[in-house]
Structure formats: structure tokens, C-alpha cells
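K.L.:
Contents are mmCIF, C-alpha atoms and all ligand atoms; file name query06.cif:
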data_target
#
loop_
_atom_site.label_atom_id
_atom_site.label_comp_id
_atom_site.auth_asym_id
_atom_site.auth_seq_id
_atom_site.Cartn_x
_atom_site.Cartn_y
_atom_site.Cartn_z
CA LEU Y 1 0.00 0.00 0.00
CA PHE Y 2 2.60 2.58 1.08
CA THR Y 3 4.71 1.98 -2.04
CA ARG Y 4 1.70 2.63 -4.25
CA LEU Y 5 0.88 5.80 -2.31
CA ALA Y 6 4.50 7.07 -2.59
CA HIS Y 7 4.47 6.37 -6.34
CA HIS Y 8 1.30 8.44 -6.76
CA ARG Y 9 2.63 11.35 -4.66
CA ALA Y 10 5.72 11.50 -6.86
CA HIS Y 11 4.15 10.92 -10.28
CA GLU Y 12 0.37 11.36 -10.37
CA PRO Y 13 -0.93 13.12 -7.25
CA VAL Y 14 -4.53 13.10 -8.56
CA VAL Y 15 -5.84 10.15 -10.60
CA PHE Y 16 -9.07 8.73 -11.89
CA ASN Y 17 -9.21 5.10 -10.80
CA GLU Y 18 -10.86 3.35 -13.75
CA SER Y 19 -11.76 0.16 -11.95
CA ILE Y 20 -13.81 1.84 -9.21
CA GLN Y 21 -14.72 4.88 -11.35
CA ALA Y 22 -13.66 7.31 -8.64
CA TRP Y 23 -10.91 9.90 -8.14
CA GLU Y 24 -8.05 9.66 -5.69
CA ALA Y 25 -5.87 12.43 -4.21
CA PHE Y 26 -2.56 11.72 -2.53
CA SER Y 27 -0.68 14.91 -1.56
CA HIS Y 28 -1.01 16.52 1.87
CA GLN Y 29 -1.98 19.77 0.19
CA ASP Y 30 -4.79 18.25 -1.88
CA VAL Y 31 -6.07 16.07 0.96
CA THR Y 32 -6.34 19.02 3.37
CA ARG Y 33 -7.84 21.16 0.59
CA ILE Y 34 -10.57 18.55 -0.03
CA LEU Y 35 -11.37 18.22 3.67
CA SER Y 36 -11.38 22.02 4.19
CA ASP Y 37 -13.90 22.73 1.45
CA PRO Y 38 -17.20 20.99 2.26
CA ALA Y 39 -19.09 23.21 -0.19
CA THR Y 40 -17.21 21.64 -3.12
CA PHE Y 41 -16.39 18.27 -1.54
CA SER Y 42 -19.58 17.09 0.13
CA SER Y 43 -19.79 14.34 2.77
CA ASP Y 44 -23.43 13.64 1.89
CA MET Y 45 -23.57 10.64 -0.46
CA SER Y 46 -27.30 10.04 -0.04
CA ALA Y 47 -28.08 11.13 -3.59
CA LEU Y 48 -26.02 8.19 -4.87
CA VAL Y 49 -27.91 5.43 -3.13
CA PRO Y 50 -31.45 4.22 -3.68
CA SER Y 51 -33.89 5.59 -1.12
CA ASP Y 52 -35.04 3.31 1.72
CA PRO Y 53 -37.17 4.79 4.52
CA ASP Y 54 -35.17 3.11 7.32
CA ILE Y 55 -31.77 3.78 5.84
CA ASP Y 56 -32.66 7.40 5.03
CA LYS Y 57 -33.23 8.02 8.75
CA ILE Y 58 -29.54 7.35 9.47
CA ALA Y 59 -28.74 10.61 7.77
CA LYS Y 60 -30.45 12.52 10.57
CA GLY Y 61 -27.89 12.17 13.33
CA ASN Y 62 -24.98 10.83 11.35
CA LEU Y 63 -22.72 13.83 11.73
CA ILE Y 64 -20.04 12.32 9.52
CA SER Y 65 -22.26 12.47 6.41
CA ILE Y 66 -24.01 15.80 7.03
CA ASP Y 67 -22.92 19.00 5.25
CA PRO Y 68 -23.12 22.61 6.50
CA PRO Y 69 -25.21 24.43 7.52
CA LEU Y 70 -26.94 21.51 9.27
CA HIS Y 71 -23.58 20.03 10.30
CA ARG Y 72 -22.67 23.17 12.26
CA GLN Y 73 -25.96 23.05 14.14
CA MET Y 74 -25.76 19.31 14.91
CA ARG Y 75 -22.09 19.42 15.90
CA GLY Y 76 -22.80 22.38 18.16
CA LEU Y 77 -25.58 20.44 19.86
CA VAL Y 78 -23.70 17.18 20.39
CA SER Y 79 -20.51 18.99 21.42
CA LYS Y 80 -22.46 20.56 24.28
CA ALA Y 81 -23.00 17.08 25.72
CA PHE Y 82 -19.78 15.38 24.56
CA THR Y 83 -17.40 17.92 26.12
CA PRO Y 84 -13.66 17.68 26.96
CA LYS Y 85 -14.72 17.65 30.63
CA PHE Y 86 -17.09 14.72 30.01
CA VAL Y 87 -14.20 12.82 28.39
CA ALA Y 88 -11.61 13.76 31.04
CA GLU Y 89 -13.92 12.47 33.75
CA LEU Y 90 -13.86 9.03 32.12
CA ALA Y 91 -10.12 8.63 32.92
CA PRO Y 92 -10.55 6.79 36.27
CA ARG Y 93 -13.04 4.35 34.73
CA ILE Y 94 -10.82 3.76 31.66
CA THR Y 95 -7.92 3.03 34.03
CA GLU Y 96 -10.08 0.63 36.02
CA VAL Y 97 -11.32 -1.26 32.94
CA THR Y 98 -7.78 -1.51 31.53
CA ALA Y 99 -6.52 -2.85 34.88
CA GLU Y 100 -9.34 -5.42 35.07
CA LEU Y 101 -8.64 -6.64 31.54
CA LEU Y 102 -4.91 -6.97 32.26
CA ASP Y 103 -5.56 -8.59 35.67
CA GLY Y 104 -7.41 -11.31 33.78
CA LEU Y 105 -4.16 -12.10 31.95
CA ALA Y 106 -2.02 -12.48 35.06
CA GLY Y 107 0.46 -15.33 34.72
CA ARG Y 108 0.04 -15.63 30.94
CA GLU Y 109 3.10 -15.17 28.74
CA ARG Y 110 1.29 -15.34 25.44
CA PHE Y 111 -2.04 -13.83 24.41
CA ASP Y 112 -3.84 -12.01 21.62
CA LEU Y 113 -3.54 -8.32 22.46
CA VAL Y 114 -6.48 -7.28 20.29
CA HIS Y 115 -8.80 -9.93 21.64
CA GLU Y 116 -7.86 -9.33 25.28
CA LEU Y 117 -7.39 -5.54 25.37
CA SER Y 118 -7.62 -3.48 22.17
CA TYR Y 119 -11.10 -4.69 21.29
CA PRO Y 120 -12.83 -4.90 24.68
CA LEU Y 121 -11.42 -1.67 26.15
CA PRO Y 122 -12.89 0.82 23.65
CA VAL Y 123 -16.18 -1.04 23.28
CA ILE Y 124 -16.70 -1.19 27.07
CA VAL Y 125 -15.83 2.51 27.40
CA ILE Y 126 -18.09 3.63 24.56
CA SER Y 127 -21.03 1.47 25.66
CA GLU Y 128 -20.80 2.73 29.25
CA MET Y 129 -20.53 6.27 27.95
CA ILE Y 130 -23.70 5.86 25.87
CA GLY Y 131 -25.33 3.96 28.75
CA ILE Y 132 -25.95 0.63 27.00
CA PRO Y 133 -24.82 -2.67 28.56
CA SER Y 134 -21.27 -3.54 27.54
CA SER Y 135 -22.30 -7.18 27.98
CA ASP Y 136 -24.13 -6.77 24.64
CA ARG Y 137 -20.77 -6.22 22.98
CA GLU Y 138 -20.96 -9.32 20.83
CA THR Y 139 -24.04 -7.81 19.22
CA PHE Y 140 -22.16 -4.51 18.68
CA GLN Y 141 -19.29 -6.41 17.12
CA ARG Y 142 -21.67 -8.21 14.77
CA TRP Y 143 -23.16 -4.85 13.69
CA ALA Y 144 -19.70 -3.40 13.18
CA ASP Y 145 -18.68 -6.44 11.13
CA VAL Y 146 -21.69 -6.11 8.84
CA LEU Y 147 -21.46 -2.33 8.47
CA LEU Y 148 -17.70 -2.06 8.09
CA ASN Y 149 -17.01 -5.21 6.13
CA ASN Y 150 -19.66 -4.41 3.62
CA GLU Y 151 -17.26 -2.59 1.34
CA PRO Y 152 -17.71 -2.41 -2.41
CA PRO Y 153 -15.25 -4.65 -4.31
CA ALA Y 154 -12.00 -2.79 -5.10
CA ASP Y 155 -12.32 -3.53 -8.82
CA GLU Y 156 -15.97 -2.67 -9.46
CA PRO Y 157 -17.47 0.75 -10.22
CA LEU Y 158 -18.48 2.19 -6.86
CA LEU Y 159 -21.83 3.48 -8.01
CA ASP Y 160 -22.91 0.06 -9.30
CA ALA Y 161 -22.01 -1.52 -5.97
CA LEU Y 162 -23.76 1.00 -3.72
CA GLY Y 163 -27.31 -0.33 -4.28
CA ASP Y 164 -26.28 -3.87 -3.27
CA GLN Y 165 -24.46 -2.45 -0.29
CA VAL Y 166 -27.54 -0.66 1.01
CA ALA Y 167 -29.64 -3.82 0.63
CA ALA Y 168 -27.01 -5.85 2.49
CA ILE Y 169 -26.82 -3.53 5.50
CA ALA Y 170 -30.54 -2.66 5.77
CA PRO Y 171 -31.52 -5.42 8.26
CA THR Y 172 -28.59 -4.56 10.55
CA VAL Y 173 -29.41 -0.88 10.35
CA ARG Y 174 -33.01 -1.59 11.37
CA GLU Y 175 -31.91 -3.78 14.28
CA MET Y 176 -29.41 -1.20 15.48
CA GLY Y 177 -31.94 1.64 15.15
CA ALA Y 178 -34.58 -0.25 17.13
CA TYR Y 179 -32.09 -1.09 19.90
CA MET Y 180 -30.92 2.50 20.25
CA LEU Y 181 -34.44 3.94 20.03
CA GLU Y 182 -35.53 1.82 22.96
CA HIS Y 183 -32.55 3.11 24.93
CA VAL Y 184 -33.23 6.77 24.06
CA ARG Y 185 -36.90 6.41 25.05
CA ARG Y 186 -35.88 4.84 28.36
CA ARG Y 187 -33.63 7.79 29.10
CA ARG Y 188 -36.35 10.32 28.29
CA VAL Y 189 -38.40 8.73 31.05
CA LYS Y 190 -35.58 7.84 33.43
CA PRO Y 191 -32.50 10.09 33.11
CA THR Y 192 -29.07 9.03 34.43
CA ASP Y 193 -25.59 10.51 34.04
CA ASP Y 194 -24.81 8.95 30.65
CA LEU Y 195 -24.27 10.69 27.31
CA VAL Y 196 -27.74 9.89 25.98
CA THR Y 197 -29.30 11.65 28.97
CA ALA Y 198 -27.04 14.65 28.29
CA LEU Y 199 -28.05 14.59 24.60
CA VAL Y 200 -31.74 14.46 25.54
CA ASP Y 201 -31.23 17.52 27.77
CA THR Y 202 -29.14 19.52 25.30
CA GLN Y 203 -30.58 22.72 23.86
CA VAL Y 204 -29.05 25.36 21.63
CA ASP Y 205 -31.12 28.42 20.66
CA GLY Y 206 -34.26 26.63 21.76
CA ARG Y 207 -33.56 23.65 19.49
CA SER Y 208 -33.02 20.18 20.96
CA LEU Y 209 -32.26 16.81 19.37
CA ASP Y 210 -35.10 14.48 18.33
CA ASP Y 211 -35.13 10.70 18.82
CA ASP Y 212 -33.80 9.84 15.35
CA GLU Y 213 -30.93 12.31 15.70
CA ILE Y 214 -29.87 10.89 19.06
CA VAL Y 215 -30.30 7.29 17.84
CA TRP Y 216 -28.10 7.75 14.78
CA PHE Y 217 -25.55 9.96 16.47
CA THR Y 218 -25.03 7.36 19.23
CA ALA Y 219 -25.01 4.55 16.66
CA LEU Y 220 -22.23 6.45 14.86
CA LEU Y 221 -20.34 6.82 18.15
CA LEU Y 222 -20.69 3.12 18.85
CA LEU Y 223 -19.14 2.23 15.50
CA ALA Y 224 -16.65 5.09 15.10
CA GLY Y 225 -15.67 4.88 18.73
CA HIS Y 226 -14.50 1.34 18.98
CA ILE Y 227 -13.11 -0.27 15.85
CA THR Y 228 -10.88 2.75 15.19
CA THR Y 229 -9.44 2.75 18.69
CA THR Y 230 -9.01 -1.03 18.49
CA ALA Y 231 -7.00 -0.44 15.32
CA LEU Y 232 -4.96 2.34 16.94
CA LEU Y 233 -3.92 0.11 19.86
CA GLY Y 234 -2.98 -2.79 17.57
CA ASN Y 235 -1.11 -0.44 15.24
CA THR Y 236 0.77 0.99 18.22
CA LEU Y 237 2.05 -2.44 19.10
CA LEU Y 238 3.08 -3.12 15.51
CA CYS Y 239 4.96 0.20 15.28
CA LEU Y 240 6.69 -0.31 18.64
CA ASP Y 241 7.63 -3.86 17.77
CA SER Y 242 9.71 -2.61 14.88
CA ALA Y 243 11.23 0.26 16.91
CA PRO Y 244 12.60 -1.20 20.19
CA GLU Y 245 14.66 1.95 20.78
CA VAL Y 246 11.42 3.93 21.00
CA VAL Y 247 10.15 1.54 23.69
CA GLU Y 248 13.31 2.25 25.71
CA ASP Y 249 12.75 6.00 25.29
CA LEU Y 250 9.14 5.63 26.45
CA ARG Y 251 10.19 3.68 29.53
CA ALA Y 252 12.66 6.46 30.37
CA ASP Y 253 10.22 9.30 29.67
CA ARG Y 254 6.48 8.67 29.76
CA ASP Y 255 5.82 12.20 28.53
CA LEU Y 256 6.73 10.82 25.11
CA VAL Y 257 3.64 8.54 25.03
CA PRO Y 258 1.20 11.11 23.53
CA GLY Y 259 3.73 12.11 20.81
CA MET Y 260 4.36 8.44 20.06
CA LEU Y 261 0.61 7.85 19.60
CA GLU Y 262 0.37 10.78 17.16
CA GLU Y 263 3.22 9.19 15.27
CA VAL Y 264 1.33 5.86 15.10
CA LEU Y 265 -1.69 7.77 13.77
CA ARG Y 266 0.57 9.37 11.18
CA MET Y 267 2.26 6.20 10.00
CA ARG Y 268 -0.65 3.77 10.35
CA PRO Y 269 -3.90 5.80 10.41
CA PRO Y 270 -6.88 3.50 11.12
CA PHE Y 271 -8.89 5.31 8.42
CA THR Y 272 -6.62 5.31 5.39
CA LYS Y 273 -8.89 7.39 3.14
CA LEU Y 274 -12.07 9.47 3.29
CA ALA Y 275 -14.69 9.80 0.55
CA ARG Y 276 -16.27 13.02 -0.70
CA LEU Y 277 -18.65 13.91 -3.56
CA THR Y 278 -17.86 16.91 -5.79
CA THR Y 279 -20.65 19.47 -6.10
CA ALA Y 280 -18.93 21.49 -8.88
CA ASP Y 281 -16.05 21.16 -11.35
CA VAL Y 282 -12.86 21.64 -9.37
CA GLU Y 283 -9.13 21.71 -10.08
CA LEU Y 284 -6.68 19.78 -7.93
CA SER Y 285 -2.93 19.73 -8.71
CA GLY Y 286 -3.66 20.78 -12.31
CA THR Y 287 -6.31 18.09 -12.91
CA THR Y 288 -9.97 19.04 -13.34
CA ILE Y 289 -12.47 16.82 -11.54
CA PRO Y 290 -16.03 17.25 -12.83
CA ALA Y 291 -19.05 17.76 -10.56
CA GLY Y 292 -20.84 14.68 -9.21
CA GLN Y 293 -17.71 12.54 -8.79
CA ILE Y 294 -16.54 10.51 -5.81
CA VAL Y 295 -13.09 11.58 -4.59
CA PHE Y 296 -10.98 9.70 -2.06
CA ALA Y 297 -8.68 11.83 0.09
CA TRP Y 298 -5.85 9.51 1.13
CA LEU Y 299 -4.95 10.29 4.77
CA ALA Y 300 -2.35 7.51 4.78
CA SER Y 301 -0.59 9.22 1.89
CA ALA Y 302 -0.88 12.82 3.18
CA ASN Y 303 0.69 11.59 6.41
CA ARG Y 304 3.85 10.47 4.60
CA ASP Y 305 4.12 13.43 2.26
CA GLU Y 306 7.85 14.24 1.96
CA SER Y 307 7.12 17.94 1.44
CA VAL Y 308 5.52 18.19 4.90
CA PHE Y 309 7.29 15.54 7.01
CA THR Y 310 11.10 15.18 7.07
CA ASP Y 311 12.11 11.50 6.74
CA PRO Y 312 8.45 10.42 6.71
CA GLU Y 313 9.32 6.72 6.94
CA VAL Y 314 11.04 7.23 10.31
CA PHE Y 315 8.94 6.53 13.41
CA ASP Y 316 9.87 9.48 15.64
CA PRO Y 317 7.84 10.09 18.82
CA ARG Y 318 9.45 13.54 19.16
CA ARG Y 319 8.21 14.68 15.75
CA GLU Y 320 6.03 17.77 15.51
CA SER Y 321 2.96 15.83 14.29
CA ALA Y 322 0.41 18.63 14.30
CA LYS Y 323 -0.07 18.09 10.59
CA GLN Y 324 -0.82 14.38 10.76
CA ALA Y 325 -4.30 13.79 9.36
CA GLY Y 326 -5.20 10.53 11.12
CA PHE Y 327 -8.22 12.16 12.76
CA GLY Y 328 -9.22 13.94 9.54
CA HIS Y 329 -9.18 17.70 9.02
CA GLY Y 330 -11.61 20.60 8.88
CA ILE Y 331 -15.21 20.65 10.08
CA HIS Y 332 -15.50 16.84 10.42
CA PHE Y 333 -12.29 16.54 12.46
CA CYS Y 334 -12.82 13.54 14.74
CA LEU Y 335 -15.07 14.46 17.64
CA GLY Y 336 -13.80 11.48 19.62
CA ALA Y 337 -10.08 12.30 19.25
CA PRO Y 338 -9.66 13.30 22.94
CA LEU Y 339 -11.28 10.03 24.03
CA ALA Y 340 -9.22 7.89 21.64
CA ARG Y 341 -6.01 9.63 22.78
CA LEU Y 342 -6.93 9.17 26.44
CA GLU Y 343 -7.77 5.45 26.11
CA ALA Y 344 -4.62 4.72 24.13
CA LYS Y 345 -2.41 6.68 26.55
CA ILE Y 346 -3.81 4.84 29.58
CA ALA Y 347 -3.48 1.44 27.87
CA VAL Y 348 0.10 2.01 26.70
CA ASN Y 349 1.22 3.32 30.09
CA MET Y 350 -0.31 0.35 31.86
CA LEU Y 351 1.26 -2.14 29.46
CA LEU Y 352 4.65 -0.51 30.12
CA ASP Y 353 4.01 -0.64 33.89
CA ARG Y 354 3.02 -4.28 33.89
CA TYR Y 355 5.47 -5.85 31.47
CA ARG Y 356 9.24 -5.63 31.19
CA ASP Y 357 9.02 -6.85 27.64
CA ILE Y 358 6.20 -7.16 25.14
CA ARG Y 359 6.65 -8.24 21.55
CA VAL Y 360 4.75 -9.67 18.62
CA ASP Y 361 4.87 -13.48 18.80
CA PRO Y 362 7.02 -14.54 15.81
CA GLN Y 363 5.12 -17.81 15.73
CA GLY Y 364 1.68 -16.25 15.82
CA GLU Y 365 -0.25 -14.86 12.88
CA ILE Y 366 -1.38 -11.25 12.63
CA ASP Y 367 -4.81 -11.00 11.10
CA PHE Y 368 -5.67 -7.65 9.48
CA PHE Y 369 -9.14 -6.15 8.95
CA ASP Y 370 -10.19 -7.05 5.46
CA VAL Y 371 -11.43 -3.55 4.59
CA HIS Y 372 -9.56 -1.21 2.26
CA ALA Y 373 -10.33 1.96 4.17
CA LEU Y 374 -9.37 0.49 7.55
CA LEU Y 375 -5.77 -0.14 8.52
CA GLY Y 376 -5.57 -2.29 11.61
CA ALA Y 377 -5.31 -5.78 13.00
CA LYS Y 378 -8.10 -8.05 14.27
CA SER Y 379 -5.55 -10.21 15.97
CA VAL Y 380 -1.99 -9.55 17.24
CA PRO Y 381 -0.49 -12.46 19.20
CA VAL Y 382 2.10 -11.23 21.69
CA LEU Y 383 4.70 -12.65 24.07
CA VAL Y 384 5.15 -10.81 27.37
CA GLN Y 385 7.52 -10.89 30.33
C1 LIG O 1 -14.83 11.64 12.61
C2 LIG O 1 -10.80 8.95 12.90
C3 LIG O 1 -11.99 7.56 17.40
C4 LIG O 1 -16.24 9.78 16.89
C5 LIG O 1 -13.62 11.05 12.32
C6 LIG O 1 -12.87 11.29 11.11
C7 LIG O 1 -11.75 10.52 11.18
C8 LIG O 1 -11.79 9.81 12.45
C9 LIG O 1 -10.65 10.40 10.15
C10 LIG O 1 -13.26 12.24 9.96
C11 LIG O 1 -14.23 11.62 8.99
C12 LIG O 1 -14.54 12.51 7.81
O1 LIG O 1 -14.05 13.64 7.71
O2 LIG O 1 -15.27 12.04 6.93
C13 LIG O 1 -10.79 8.37 14.14
C14 LIG O 1 -9.68 7.58 14.65
C15 LIG O 1 -10.02 7.19 15.92
C16 LIG O 1 -11.33 7.72 16.21
C17 LIG O 1 -8.42 7.26 13.89
C18 LIG O 1 -9.26 6.35 16.91
C19 LIG O 1 -7.99 6.25 16.94
C20 LIG O 1 -13.24 8.06 17.67
C21 LIG O 1 -13.94 7.89 18.90
C22 LIG O 1 -15.15 8.50 18.74
C23 LIG O 1 -15.19 9.06 17.41
C24 LIG O 1 -13.39 7.18 20.13
C25 LIG O 1 -16.30 8.64 19.68
C26 LIG O 1 -16.36 8.33 20.88
C27 LIG O 1 -16.21 10.47 15.69
C28 LIG O 1 -17.30 11.29 15.22
C29 LIG O 1 -16.90 11.82 13.99
C30 LIG O 1 -15.57 11.33 13.73
C31 LIG O 1 -18.63 11.54 15.92
C32 LIG O 1 -17.71 12.74 13.06
C33 LIG O 1 -17.39 14.18 13.33
C34 LIG O 1 -18.07 15.11 12.34
O3 LIG O 1 -18.50 14.67 11.27
O4 LIG O 1 -18.19 16.29 12.67
N1 LIG O 1 -12.93 10.16 13.14
N2 LIG O 1 -11.76 8.43 15.10
N3 LIG O 1 -14.01 8.78 16.77
N4 LIG O 1 -15.18 10.51 14.79
FE1 LIG O 1 -13.43 9.56 15.00
#
What does the file become when written as C-alpha cells?
Ligand code: HEM
P.N.:
Amino acid sequence: LFTRLAHHRAHEPVVFNESIQAWEAFSHQDVTRILSDPATFSSDMSALVPSDPDIDKIAKGNLISIDPPLHRQMRGLVSKAFTPKFVAELAPRITEVTAELLDGLAGRERFDLVHELSYPLPVIVISEMIGIPSSDRETFQRWADVLLNNEPPADEPLLDALGDQVAAIAPTVREMGAYMLEHVRRRRVKPTDDLVTALVDTQVDGRSLDDDEIVWFTALLLLAGHITTTALLGNTLLCLDSAPEVVEDLRADRDLVPGMLEEVLRMRPPFTKLARLTTADVELSGTTIPAGQIVFAWLASANRDESVFTDPEVFDPRRESAKQAGFGHGIHFCLGAPLARLEAKIAVNMLLDRYRDIRVDPQGEIDFFDVHALLGAKSVPVLVQ
């Protein structure tokens, strides 16, 4: 993958991919330009898929696929509930869950890090935050598998595949919607201190969120909030495994952990690319893209752009990574970034506290997510001491 991306950056920074009939942009400049201009590069793909009353509802609270001006209003509303303070207050509970998961591994020298920690930690945290039972996490995983693995084939025109995709996910979408709706209705009657209660109570300029908006916003959180963080934790281990000197530095100076995590997000961003739909003819790096086209902004390529990052192939936890685009850029910049950073920091620090040595098991097999847009492992067997 990274060789192909480097080739494009050097030779054809904007291309039309014939097999999927969509455009791709690779330079940091073009990627940030696309993500900074929602009027020309829309996140709303609903016009491309056949209408279905249940699926259409998703659009209501699904911040990620809403354009301005509605996006500004929705993001303002949810940000009032999902505040930095709300996230910071989760730290003790995240620490407790991480400790419990690692306590369960006491005495073991070999285990699957994703199965034991990187998957359960974010899904427990996000479910508790929303207020749904984390014991239902197998159901959440099944939903995530259906929704994330249902990717159009890499060699078929995207538009042809979208109709089949919608039909394939519809039953899961209905099940997920019904589950969340029941939860939202419960909270309207019986408030607690969870995020859904806060969303129910939120008001901006006399406007509050309706049931569908809360249902689909929390459904988005449930999906966006766990698989990505699972991928980040697995990717962290893979990066550290090939840079033992960085592990030594981290042991000597824990203040390097946040910078190291930004560097993992730069080198192995869980979302490798983001899709947008052009609303007008637009020029990128000298190439004109007509209106009505799908464009992929490659985060994984922007993050290794030689014109922005010196020695981009070097994993350097002291790098000034402010320009890494792993959490996106512009108005849709990841709302959950503070939570993802906090969970990963707590998990890495605790792994360093508990183990003198932790490495990928040379005899085990790493199993990667089988989705083009997602870079991460479903399974990373490790040996610990
Ligand atoms: C948006 C990445 C964790 C919630 C995004 C976007 C990216 C991203 C790239 C931008 C999408 C776009 O522009 O189309 C990640 C990564 C994560 C992570 C790499 C973990 C390492 C989380 C968590 C949550 C979350 C933990 C929630 C608890 C969201 C939401 C949006 C979003 C709600 C939509 C924001 C908007 O459209 O305004 N994320 N995310 N993410 N993320 Fe994350």
C-alpha cells in the first residue's frame, strides 16, 4: 500500500481510478484542501444510493455524512454534551477497565492483544458512555462487522455496488436503530448521568435533538468509537515492535507517550482514506475533476508526504505531528479524538508498567481487517515478560 501511495505522490498526485470509477488524491496539500472545502467536496452521499425509509433516517444524526449548515448546528448540539470535561472524567473508569482486563491475563506469557485488550477496552468505554450494557458487545461487534465489512469490491465501479451495499446492510441498520431507540426512550423517562441523557437535555437556541438524531448519532459513536481505537492500539504495538529503541525511550520518559501515539496515527492511520462527492467542477494539482464525482482523500498518503514531514518513513515520537491527518481535518475533524487519545495513553502506560518486555509473537499470525479503508489488526499475538 505505502509503495503505491508514494508512487502516486511522486508521479500522479490526482488520478481517476478506472476500476472503481472514482478519483483519488494523494498529496497533503490536496487532501487538506478537499477536507477544508465541504461546499465543493460534500460528505453527503445520499443522492447516490437508492432511497429506503429506514436507511434514510440514518442521515439525521450521522454527523459524519451531514454538510453545512446543518452540520454546524448538529455538531454544536452534540458537542455541548460530549465535552472535553465529560471525556476527562472518564479517565478513572478507563484506568479501572484496563486494569481489570490486564488482571485477567495475570500469569500468561502469550495472548492475543487485540482480543484481550484493544477490542474490549474501547467497546466497554463507549457502551458505558452511551449507557448501554457492555455485555451486549458481541451484538455490537456483529453490527460493526456487517457495516464495516460491507465494502464495495475494489475492482468494481463504486456506483454500481452502492445499491447492493444498502440492501445488504438494511436489516442490521433496522436492528441497530430499534435497539438505540428503545434506549433513548428509556432515558427520556428515566434520566441518568450517561451521554444519551445529556443529549436528551441539550438545547441550543431553543432547538433540541429528536429521537432519530440521538439514535443515529449514538449509533455512529458506537461504530466510530470502537473499531478505530481497536485499530490504533494494535497499530501501536506493531509500530513499537519494529522500533525497540522507542520503547526504551518511552520507559525512560512517559511524557513521550502522547507524541508516540500521534506518530502511530501518522504512520498507520486506522482510516486510510475518506470519501467526498464533488458538487462542482474543481481543479486539484492541475487536474480538473467534474461535478458529481466521488473523490478519495488519502490520509495515509498525506501523512507520509515528503514535502511536509522530514524522513516520513522514520517513526519518531518527538516529531512535531500537528499536521498528521489521522483524525481527519476541517469541520469533520474527529469528535472522539480526545477520548481515543486518552484510552490509548492509559493502555500504553499500563502495558509498560506491567510488562518488562512485550513483543509480537514470531510464531503467531497477525490477522488484518479485510477492509480497504481500515488499517488495523483483528488479531496480534504477543509474548510478554
Ligand atoms: C470523525 C478517525 C476515534 C467519533 C472522524 C474522522 C476521522 C476519524 C478520520 C473524519 C471523517 C470525515 O471527515 O469524513 C478516528 C480515529 C479514531 C477515532 C483514527 C481512533 C484512533 C473516535 C472515537 C469516537 C469518534 C473514540 C467517539 C467516541 C467520531 C465522530 C466523527 C468522527 C462523531 C464525526 C465528526 C463530524 O463529522 O463532525 N474520526 N476516530 N471517533 N469521529 Fe473519529
K.L.:
I need the residue nearest Ser301 of chain Y from this list: Y:Lys378, Y:Lys85, Y:Arg9, Y:His183. Use all atoms listed in the file for the distance.
P.N.:
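Ranked by minimum distance to Ser301 of chain Y, first place goes to Y:Arg9.
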K.L.:
Within 12 Å of Arg93 of chain Y, counting only C-alpha atoms, which residues qualify if same-chain residues fewer than 6 places away don't, as number ranges by chain?
P.N.:
Y: 87, 99-100, 121-122, 124-126, 128-129, 342-343, 346
K.L.:
So, counting all atoms listed in the file, which residue among Y:Ala297, Y:Val97, Y:Ala377, Y:Val308 is closest to ligand LIG 1 (chain O)?
P.N.:
Y:Ala297
K.L.:
Residues contacting ligand LIG 1 (chain O) - anything with an atom at most 7 Å away, using only C-alpha atoms and all ligand atoms - can you give me those as a PyMOL selection string?
P.N.:
chain Y and resi 35+43+63-65+71+75+126+220-221+224-226+228-229+231-232+265+269-271+274-275+326-329+331-337+339-340
K.L.:
Nearest residue to Met176 of chain Y out of Y:Leu261, Y:Val348, Y:Val380, Y:Val215, using all atoms listed in the file?
P.N.:
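Counting all atoms listed in the file, the residue closest to Met176 of chain Y is Y:Val215.
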K.L.:
Please give the centre and size of the box around segment 215-233 of chain Y (axis-aligned, containing every atom listed in the file, 4 Å added per side), with values in Å to one decimal and written as JSON.
P.N.:
{"center_x": -17.1, "center_y": 4.5, "center_z": 17.3, "size_x": 34.4, "size_y": 19.0, "size_z": 13.1}
K.L.:
Excluding Asp211 of chain Y and any residue of its chain fewer than 3 positions from it, enumerate the residues within 10 Å of it, using only C-alpha atoms, and give them as a list in words.
P.N.:
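Listing them by chain and then by number gives Lys60, Gly61, Met180, Leu181, Glu182, Val184, Arg185, Arg188, Leu199, Val200, Ser208, Ile214, Val215, Trp216 and Phe217 of chain Y.
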K.L.:
Which is closer to Pro317 of chain Y than all the others in Y:Lys57, Y:His372, Y:Arg110, Y:Arg266, using all atoms listed in the file?
P.N.:
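Closest to Pro317 of chain Y of all the choices is Y:Arg266.
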K.L.:
Could you state the separation of atom CA of Trp143 of chain Y and atom CA of Glu156 of chain Y in Å, given to one decimal place?
P.N.:
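Separation of atom CA of Trp143 of chain Y and atom CA of Glu156 of chain Y: 24.3 Å.
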K.L.:
For Val360 of chain Y, which of Y:Leu375, Y:Met260, Y:Leu383, Y:Ala154 is the closest residue, counting only C-alpha atoms?
P.N.:
Y:Leu383
K.L.:
How many Å separate atom CA of His7 of chain Y from atom CA of Leu299 of chain Y?
P.N.:
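If I compute the distance from atom CA of His7 of chain Y to atom CA of Leu299 of chain Y, I get 15.1 Å.
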K.L.:
So how far away is atom CA of Gly163 of chain Y from atom CA of Glu283 of chain Y, in Å?
P.N.:
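That distance, rounded to one decimal, is 29.2 Å.
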K.L.:
Considering only C-alpha atoms, can you say which of Y:Glu12, Y:Glu262, Y:Asp193, Y:Asp357 comes closest to Leu233 of chain Y?
P.N.:
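Going through Y:Glu12, Y:Glu262, Y:Asp193, Y:Asp357 one by one, the smallest distance to Leu233 of chain Y is for Y:Glu262.
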K.L.:
Excluding Arg304 of chain Y and any residue of its chain fewer than 4 positions from it, enumerate the residues within 8 Å of it, using all atoms listed in the file, and give them as a PyMOL selection string.
P.N.:
chain Y and resi 6+266-267+300+308-309+312-313
K.L.:
With all atoms listed in the file as the counted atoms, please give the residues lying no more than 8 Å from segment 15-25 of chain Y, apart from itself and same-chain residues fewer than 4 positions off, as a list in words.
P.N.:
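In the requested form, the answer reads Asp30, Val31, Ala154, Asp155, Glu156, Pro157, Leu158, Leu159, Ile289, Gln293, Ile294, Val295, Phe296, Ala297 and Trp298 of chain Y.
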K.L.:
List the spatial neighbours of Pro171 of chain Y as a ChimeraX atom specification - criterion: any atom at most 12 Å away, only C-alpha atoms, same-chain residues fewer than 6 positions off excluded.
P.N.:
/Y:52,54-55,143,146-147,165,177-178
